[in-house]
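The file structure.cif contains mmCIF, C-alpha atoms:
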```
data_entry
loop_
_atom_site.label_atom_id
_atom_site.label_comp_id
_atom_site.auth_asym_id
_atom_site.auth_seq_id
_atom_site.Cartn_x
_atom_site.Cartn_y
_atom_site.Cartn_z
CA MET A 1 -30.30 -0.81 12.27
CA PRO A 2 -27.36 1.11 10.84
CA THR A 3 -28.07 4.28 8.88
CA PRO A 4 -26.16 5.35 5.77
CA HIS A 5 -24.81 8.26 7.80
CA GLU A 6 -23.53 5.95 10.52
CA ILE A 7 -21.86 3.67 7.97
CA LYS A 8 -20.25 6.69 6.31
CA GLN A 9 -18.92 7.88 9.66
CA ARG A 10 -17.53 4.48 10.58
CA ILE A 11 -15.70 4.13 7.26
CA GLU A 12 -14.32 7.67 7.40
CA ALA A 13 -13.24 7.23 11.02
CA ALA A 14 -11.38 4.01 10.23
CA LEU A 15 -9.60 5.19 7.07
CA PRO A 16 -7.67 8.44 7.41
CA GLY A 17 -8.60 10.96 4.74
CA ALA A 18 -11.36 8.76 3.36
CA ARG A 19 -14.54 10.06 1.79
CA ALA A 20 -17.50 7.75 1.70
CA GLU A 21 -20.83 8.11 -0.03
CA VAL A 22 -23.37 5.67 1.29
CA GLU A 23 -26.95 5.07 0.27
CA ASP A 24 -29.64 2.73 1.47
CA THR A 25 -30.63 0.93 -1.72
CA THR A 26 -33.82 -0.71 -0.50
CA GLY A 27 -35.08 1.71 2.15
CA THR A 28 -34.91 -1.12 4.67
CA ALA A 29 -31.64 -0.11 6.41
CA ASP A 30 -29.93 -3.40 5.60
CA HIS A 31 -28.85 -3.12 1.95
CA PHE A 32 -26.40 -0.37 1.14
CA ARG A 33 -24.25 0.92 -1.65
CA ALA A 34 -21.01 2.70 -0.82
CA THR A 35 -18.38 4.48 -2.85
CA VAL A 36 -15.22 5.04 -0.84
CA THR A 37 -12.28 7.18 -1.87
CA ALA A 38 -9.22 6.86 0.34
CA PRO A 39 -5.49 7.52 0.09
CA ALA A 40 -4.99 4.31 2.08
CA PHE A 41 -6.11 2.30 -0.98
CA GLU A 42 -3.09 3.42 -2.98
CA GLY A 43 -1.08 0.42 -4.13
CA LEU A 44 -3.56 -2.14 -2.79
CA SER A 45 -5.48 -4.73 -4.77
CA ARG A 46 -9.26 -4.41 -4.90
CA ILE A 47 -9.54 -7.31 -2.49
CA GLU A 48 -7.31 -5.52 0.01
CA GLN A 49 -9.21 -2.25 -0.48
CA HIS A 50 -12.54 -3.90 0.17
CA LYS A 51 -11.17 -5.71 3.21
CA LEU A 52 -10.18 -2.36 4.74
CA VAL A 53 -13.76 -1.14 4.36
CA TYR A 54 -15.25 -4.38 5.65
CA GLY A 55 -12.88 -4.17 8.62
CA ALA A 56 -14.34 -0.78 9.51
CA LEU A 57 -17.82 -2.27 9.58
CA GLU A 58 -17.08 -5.47 11.51
CA PRO A 59 -19.01 -7.22 12.94
CA ASP A 60 -22.12 -5.92 11.16
CA ILE A 61 -21.26 -7.15 7.67
CA GLY A 62 -23.45 -10.17 7.06
CA GLY A 63 -25.38 -9.27 10.19
CA ALA A 64 -27.25 -5.96 10.45
CA ILE A 65 -25.71 -5.01 7.10
CA HIS A 66 -27.04 -7.76 4.83
CA ALA A 67 -25.43 -6.41 1.72
CA LEU A 68 -22.97 -3.70 0.88
CA ALA A 69 -22.32 -3.00 -2.76
CA LEU A 70 -18.88 -1.48 -2.64
CA LYS A 71 -16.80 0.58 -5.00
CA THR A 72 -13.36 1.69 -3.88
CA GLN A 73 -11.05 4.20 -5.49
CA THR A 74 -7.97 6.24 -4.68
CA PRO A 75 -7.89 10.03 -4.82
CA SER A 76 -5.48 9.85 -7.75
CA THR A 77 -7.78 7.70 -9.87
CA VAL A 78 -10.66 10.07 -9.19
CA GLU A 79 -8.67 13.20 -10.09
CA THR A 80 -7.27 11.69 -13.28
CA PRO A 81 -9.33 13.01 -16.19
CA MET B 1 -29.12 -30.31 -8.87
CA SER B 2 -28.14 -31.97 -12.07
CA SER B 3 -24.46 -32.39 -11.39
CA SER B 4 -22.52 -33.66 -8.44
CA GLN B 5 -20.27 -30.63 -8.54
CA PHE B 6 -23.11 -28.50 -7.20
CA ASP B 7 -23.63 -30.60 -4.11
CA PRO B 8 -22.83 -28.88 -0.84
CA ILE B 9 -19.58 -29.44 0.99
CA PRO B 10 -18.46 -31.81 2.45
CA MET B 11 -20.10 -34.25 -0.01
CA ALA B 12 -18.69 -32.34 -2.95
CA PRO B 13 -17.48 -30.52 -5.03
CA THR B 14 -14.75 -33.09 -5.32
CA GLU B 15 -15.69 -35.71 -7.82
CA ASP B 16 -14.16 -38.25 -5.52
CA PRO B 17 -16.74 -39.28 -2.94
CA ALA B 18 -14.09 -40.45 -0.48
CA PRO B 19 -13.60 -38.04 2.41
CA ALA B 20 -10.36 -36.12 2.61
CA ALA B 21 -7.61 -37.64 4.71
CA ALA B 22 -7.63 -34.77 7.17
CA PRO B 23 -5.31 -34.67 10.14
CA PRO B 24 -7.07 -35.39 13.41
CA ALA B 25 -8.54 -32.13 14.63
CA PRO B 26 -9.50 -31.00 18.11
CA ASP B 27 -12.87 -29.55 17.18
CA GLY B 28 -13.55 -32.21 14.65
CA GLU B 29 -16.44 -31.24 12.46
CA ALA B 30 -15.72 -27.55 11.94
CA ASN B 31 -12.20 -28.44 10.91
CA ALA B 32 -13.47 -31.16 8.61
CA ILE B 33 -15.62 -28.55 6.87
CA ARG B 34 -12.70 -26.14 6.70
CA ASP B 35 -10.49 -28.85 5.22
CA ALA B 36 -13.14 -29.77 2.67
CA ILE B 37 -13.46 -26.12 1.62
CA ARG B 38 -9.68 -25.73 1.34
CA GLU B 39 -9.50 -28.88 -0.72
CA ALA B 40 -12.30 -27.74 -3.02
CA ILE B 41 -10.56 -24.39 -3.58
CA ALA B 42 -7.30 -26.16 -4.35
CA GLU B 43 -8.84 -28.70 -6.70
CA HIS B 44 -10.96 -26.43 -8.86
CA ASP B 45 -9.37 -23.78 -11.03
CA VAL B 46 -12.53 -21.69 -10.85
CA ILE B 47 -14.91 -22.21 -7.95
CA LEU B 48 -17.80 -20.07 -6.80
CA PHE B 49 -19.25 -20.19 -3.30
CA MET B 50 -22.78 -18.88 -3.61
CA LYS B 51 -26.28 -18.82 -2.19
CA GLY B 52 -28.31 -21.39 -4.09
CA THR B 53 -27.17 -23.13 -7.25
CA PRO B 54 -26.25 -21.80 -10.70
CA GLU B 55 -29.63 -23.11 -11.90
CA ALA B 56 -31.49 -21.52 -9.00
CA PRO B 57 -29.50 -18.74 -7.34
CA ALA B 58 -30.99 -17.65 -4.02
CA CYS B 59 -29.56 -14.13 -4.01
CA GLY B 60 -29.22 -11.39 -6.61
CA PHE B 61 -25.48 -11.03 -6.04
CA SER B 62 -24.89 -14.74 -6.54
CA ALA B 63 -27.13 -14.67 -9.61
CA ARG B 64 -25.17 -11.81 -11.15
CA THR B 65 -21.84 -13.54 -10.56
CA VAL B 66 -23.11 -16.77 -12.13
CA ALA B 67 -24.45 -14.82 -15.12
CA ILE B 68 -21.04 -13.20 -15.65
CA LEU B 69 -19.21 -16.54 -15.53
CA GLN B 70 -21.74 -18.09 -17.89
CA SER B 71 -21.47 -15.19 -20.32
CA LEU B 72 -17.69 -15.76 -20.45
CA GLU B 73 -18.34 -19.47 -20.95
CA VAL B 74 -15.92 -20.26 -18.17
CA PRO B 75 -16.42 -23.71 -16.63
CA PHE B 76 -16.70 -23.40 -12.88
CA ALA B 77 -17.52 -25.47 -9.83
CA ALA B 78 -20.19 -24.08 -7.53
CA VAL B 79 -20.88 -24.68 -3.88
CA ASP B 80 -24.17 -23.72 -2.25
CA ILE B 81 -23.36 -22.35 1.21
CA LEU B 82 -26.97 -22.28 2.40
CA PRO B 83 -27.53 -25.88 3.54
CA ASP B 84 -25.19 -25.53 6.54
CA PRO B 85 -24.28 -22.19 8.21
CA ARG B 86 -20.89 -23.64 9.13
CA ILE B 87 -19.85 -23.64 5.47
CA ARG B 88 -20.11 -19.88 5.36
CA GLN B 89 -18.39 -19.46 8.73
CA GLU B 90 -15.46 -21.62 7.77
CA LEU B 91 -15.24 -20.13 4.27
CA SER B 92 -15.07 -16.60 5.65
CA ALA B 93 -12.49 -17.72 8.20
CA ILE B 94 -10.30 -19.03 5.38
CA SER B 95 -10.79 -16.16 2.97
CA GLN B 96 -11.08 -13.31 5.50
CA TRP B 97 -13.96 -12.14 3.35
CA PRO B 98 -17.33 -11.61 5.03
CA THR B 99 -19.82 -11.79 2.19
CA ILE B 100 -21.19 -14.26 -0.35
CA PRO B 101 -20.62 -14.90 -3.24
CA GLN B 102 -16.87 -15.54 -3.30
CA LEU B 103 -15.09 -16.43 -6.51
CA PHE B 104 -11.75 -18.25 -6.35
CA HIS B 105 -9.35 -18.78 -9.21
CA GLY B 106 -6.16 -20.79 -8.96
CA GLY B 107 -6.61 -21.11 -5.21
CA GLU B 108 -6.88 -17.35 -4.66
CA LEU B 109 -9.91 -15.22 -3.82
CA LEU B 110 -10.69 -13.02 -6.83
CA GLY B 111 -13.52 -11.22 -5.12
CA GLY B 112 -17.20 -10.95 -4.47
CA CYS B 113 -19.91 -9.70 -6.79
CA ASP B 114 -18.70 -6.09 -6.94
CA ILE B 115 -15.10 -6.90 -7.78
CA VAL B 116 -16.10 -9.61 -10.25
CA THR B 117 -18.48 -7.15 -11.94
CA GLU B 118 -15.80 -4.44 -12.12
CA MET B 119 -13.27 -6.92 -13.49
CA TYR B 120 -15.82 -8.17 -16.02
CA GLU B 121 -16.60 -4.67 -17.23
CA SER B 122 -12.92 -3.79 -17.61
CA GLY B 123 -12.09 -7.05 -19.40
CA GLU B 124 -9.72 -8.12 -16.60
CA LEU B 125 -11.89 -11.07 -15.63
CA GLU B 126 -11.83 -12.63 -19.06
CA GLN B 127 -8.06 -12.18 -19.11
CA ALA B 128 -7.64 -13.68 -15.66
CA LEU B 129 -9.82 -16.71 -16.31
CA ARG B 130 -8.71 -17.64 -19.82
#
```

Take the structure from the file and write it as structure tokens.
Amino acid sequence: MPTPHEIKQRIEAALPGARAEVEDTTGTADHFRATVTAPAFEGLSRIEQHKLVYGALEPDIGGAIHALALKTQTPSTVETP
Amino acid sequence: MSSSQFDPIPMAPTEDPAPAAAPPAPDGEANAIRDAIREAIAEHDVILFMKGTPEAPACGFSARTVAILQSLEVPFAAVDILPDPRIRQELSAISQWPTIPQLFHGGELLGGCDIVTEMYESGELEQALR
């Protein structure tokens, strides 16, 4: 069973400069919510951004990770007031 | 199941009951499913692959996506991926997207529940689908 901490580490290891906040939404270690901020998302569509995160979590998406509610953003969109 | 468009692939969602004239494939049935999915995506302007049906969604994420489409009054075809695990396998192989639901518009993957929700909240979805 993946932990939120483990998921956070996998995302941050795969995406240089990324910051991920991950929580277990059901307390059952299979449904998670993640907010990921990464410079690598710059210029990408949402689909492409989410695919980068999913790629970091292969092959557990749809397996041990039943559901991952995902929000992606770039550092510039976060810093913009 | 009130409408034929909600039947699972490969029976539907084409309104034409005749099977697609697919090229002969080495591993027959998986490719037949993949072809049927590709055809469904090409034929329907808006098509949602989901767990369950719009009348009886079997997952909260699918339910939310259906509710968004219904609130925009956008006509859409729906395919229940649950009856055969190969539908999901082949769909994800085509879309390179691991989760369900998946919403396609004009032959392109728009996103899953999160992206559709974000696009709905920002007004982009209505713009894209109208």

Expansion of the PyMOL selection byres ((chain A and resi 8) around 9) into residues, as a ChimeraX atom specification: /A:3-7,9-13,19-22,34,36

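Shortest atom-to-atom contact with B:Val116 among A:Leu70, A:Leu44, A:Ala38, A:Ala14: A:Leu70, counting only C-alpha atoms.
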
For the file shown, what are the residues hit by the PyMOL selection byres ((chain B) within 10 of (chain A)), laid out as an mmCIF file with C-alpha atoms, keeping the file's coordinate frame?
```cif
data_model
loop_
_atom_site.group_PDB
_atom_site.id
_atom_site.type_symbol
_atom_site.label_atom_id
_atom_site.label_comp_id
_atom_site.auth_asym_id
_atom_site.auth_seq_id
_atom_site.Cartn_x
_atom_site.Cartn_y
_atom_site.Cartn_z
ATOM 1 C CA PHE B 61 -25.480 -11.030 -6.040
ATOM 2 C CA GLN B 96 -11.080 -13.310 5.500
ATOM 3 C CA TRP B 97 -13.960 -12.140 3.350
ATOM 4 C CA PRO B 98 -17.330 -11.610 5.030
ATOM 5 C CA THR B 99 -19.820 -11.790 2.190
ATOM 6 C CA ILE B 100 -21.190 -14.260 -0.350
ATOM 7 C CA LEU B 109 -9.910 -15.220 -3.820
ATOM 8 C CA LEU B 110 -10.690 -13.020 -6.830
ATOM 9 C CA GLY B 111 -13.520 -11.220 -5.120
ATOM 10 C CA GLY B 112 -17.200 -10.950 -4.470
ATOM 11 C CA CYS B 113 -19.910 -9.700 -6.790
ATOM 12 C CA ASP B 114 -18.700 -6.090 -6.940
ATOM 13 C CA ILE B 115 -15.100 -6.900 -7.780
ATOM 14 C CA GLU B 118 -15.800 -4.440 -12.120
ATOM 15 C CA MET B 119 -13.270 -6.920 -13.490
#
```

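If you apply the PyMOL selection byres ((chain B and resi 89) around 12) to this structure, you end up with Gly62 of chain A; Ala30, Asn31, Ile33, Arg34, Ile37, Ile81, Leu82, Asp84, Pro85, Arg86, Ile87, Arg88, Glu90, Leu91, Ser92, Ala93, Ile94, Ser95, Gln96, Trp97, Pro98, Thr99 and Ile100 of chain B.
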
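Atom pair atom CA of A:Ala40 / atom CA of B:Gly106: separated by 27.4 Å.
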
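Remark: for B:Pro101, the closest of the candidate residues B:Leu72, B:Ala56, B:Met50, B:Ala78 is B:Met50 (distances computed over only C-alpha atoms).
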
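For the atom pair formed by atom CA of A:Pro16 and atom CA of A:Arg33, the distance is 20.3 Å, given to one decimal.
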
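We find atom CA of B:Lys51 and atom CA of B:Val66 to be spaced 10.6 Å apart.
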
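Among the candidate residues A:Asp30, A:Glu42, A:Pro75, A:Gly17, the one lying nearest to A:Met1 is A:Asp30, with distances computed using only C-alpha atoms.
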
Rebuild stretch 26-47 of chain B to N, CA and C atoms - output it as a compact mmCIF listing (two decimals), keeping the file's coordinate frame, please.
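Resulting contents of out13.txt:
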```txt
# COMPACT_ATOMS: atom_id res chain seq x y z
N PRO B 26 -8.87 -31.10 16.79
CA PRO B 26 -9.50 -31.00 18.11
C PRO B 26 -11.00 -30.75 18.03
N ASP B 27 -11.42 -29.74 17.25
CA ASP B 27 -12.87 -29.55 17.18
C ASP B 27 -13.40 -30.07 15.86
N GLY B 28 -13.16 -31.33 15.72
CA GLY B 28 -13.55 -32.21 14.65
C GLY B 28 -14.31 -31.65 13.48
N GLU B 29 -15.62 -31.45 13.64
CA GLU B 29 -16.44 -31.24 12.46
C GLU B 29 -16.19 -29.90 11.76
N ALA B 30 -15.99 -28.85 12.54
CA ALA B 30 -15.72 -27.55 11.94
C ALA B 30 -14.44 -27.63 11.10
N ASN B 31 -13.44 -28.31 11.65
CA ASN B 31 -12.20 -28.44 10.91
C ASN B 31 -12.36 -29.32 9.69
N ALA B 32 -13.22 -30.31 9.77
CA ALA B 32 -13.47 -31.16 8.61
C ALA B 32 -14.10 -30.33 7.50
N ILE B 33 -15.01 -29.43 7.87
CA ILE B 33 -15.62 -28.55 6.87
C ILE B 33 -14.57 -27.61 6.29
N ARG B 34 -13.74 -27.06 7.18
CA ARG B 34 -12.70 -26.14 6.70
C ARG B 34 -11.75 -26.86 5.74
N ASP B 35 -11.38 -28.08 6.09
CA ASP B 35 -10.49 -28.85 5.22
C ASP B 35 -11.14 -29.13 3.87
N ALA B 36 -12.43 -29.47 3.91
CA ALA B 36 -13.14 -29.77 2.67
C ALA B 36 -13.21 -28.53 1.78
N ILE B 37 -13.41 -27.37 2.40
CA ILE B 37 -13.46 -26.12 1.62
C ILE B 37 -12.10 -25.84 1.01
N ARG B 38 -11.04 -25.98 1.84
CA ARG B 38 -9.68 -25.73 1.34
C ARG B 38 -9.37 -26.65 0.17
N GLU B 39 -9.78 -27.90 0.32
CA GLU B 39 -9.50 -28.88 -0.72
C GLU B 39 -10.25 -28.52 -2.01
N ALA B 40 -11.50 -28.11 -1.85
CA ALA B 40 -12.30 -27.74 -3.02
C ALA B 40 -11.67 -26.56 -3.75
N ILE B 41 -11.19 -25.58 -2.97
CA ILE B 41 -10.56 -24.39 -3.58
C ILE B 41 -9.29 -24.79 -4.31
N ALA B 42 -8.56 -25.74 -3.73
CA ALA B 42 -7.30 -26.16 -4.35
C ALA B 42 -7.54 -26.98 -5.61
N GLU B 43 -8.63 -27.75 -5.61
CA GLU B 43 -8.84 -28.70 -6.70
C GLU B 43 -9.51 -28.10 -7.92
N HIS B 44 -10.22 -27.00 -7.74
CA HIS B 44 -10.96 -26.43 -8.86
C HIS B 44 -10.34 -25.11 -9.28
N ASP B 45 -10.01 -25.00 -10.54
CA ASP B 45 -9.37 -23.78 -11.03
C ASP B 45 -10.27 -22.57 -10.80
N VAL B 46 -11.56 -22.77 -11.08
CA VAL B 46 -12.53 -21.69 -10.85
C VAL B 46 -13.66 -22.26 -10.00
N ILE B 47 -13.85 -21.69 -8.84
CA ILE B 47 -14.91 -22.21 -7.95
C ILE B 47 -15.63 -21.04 -7.30
```
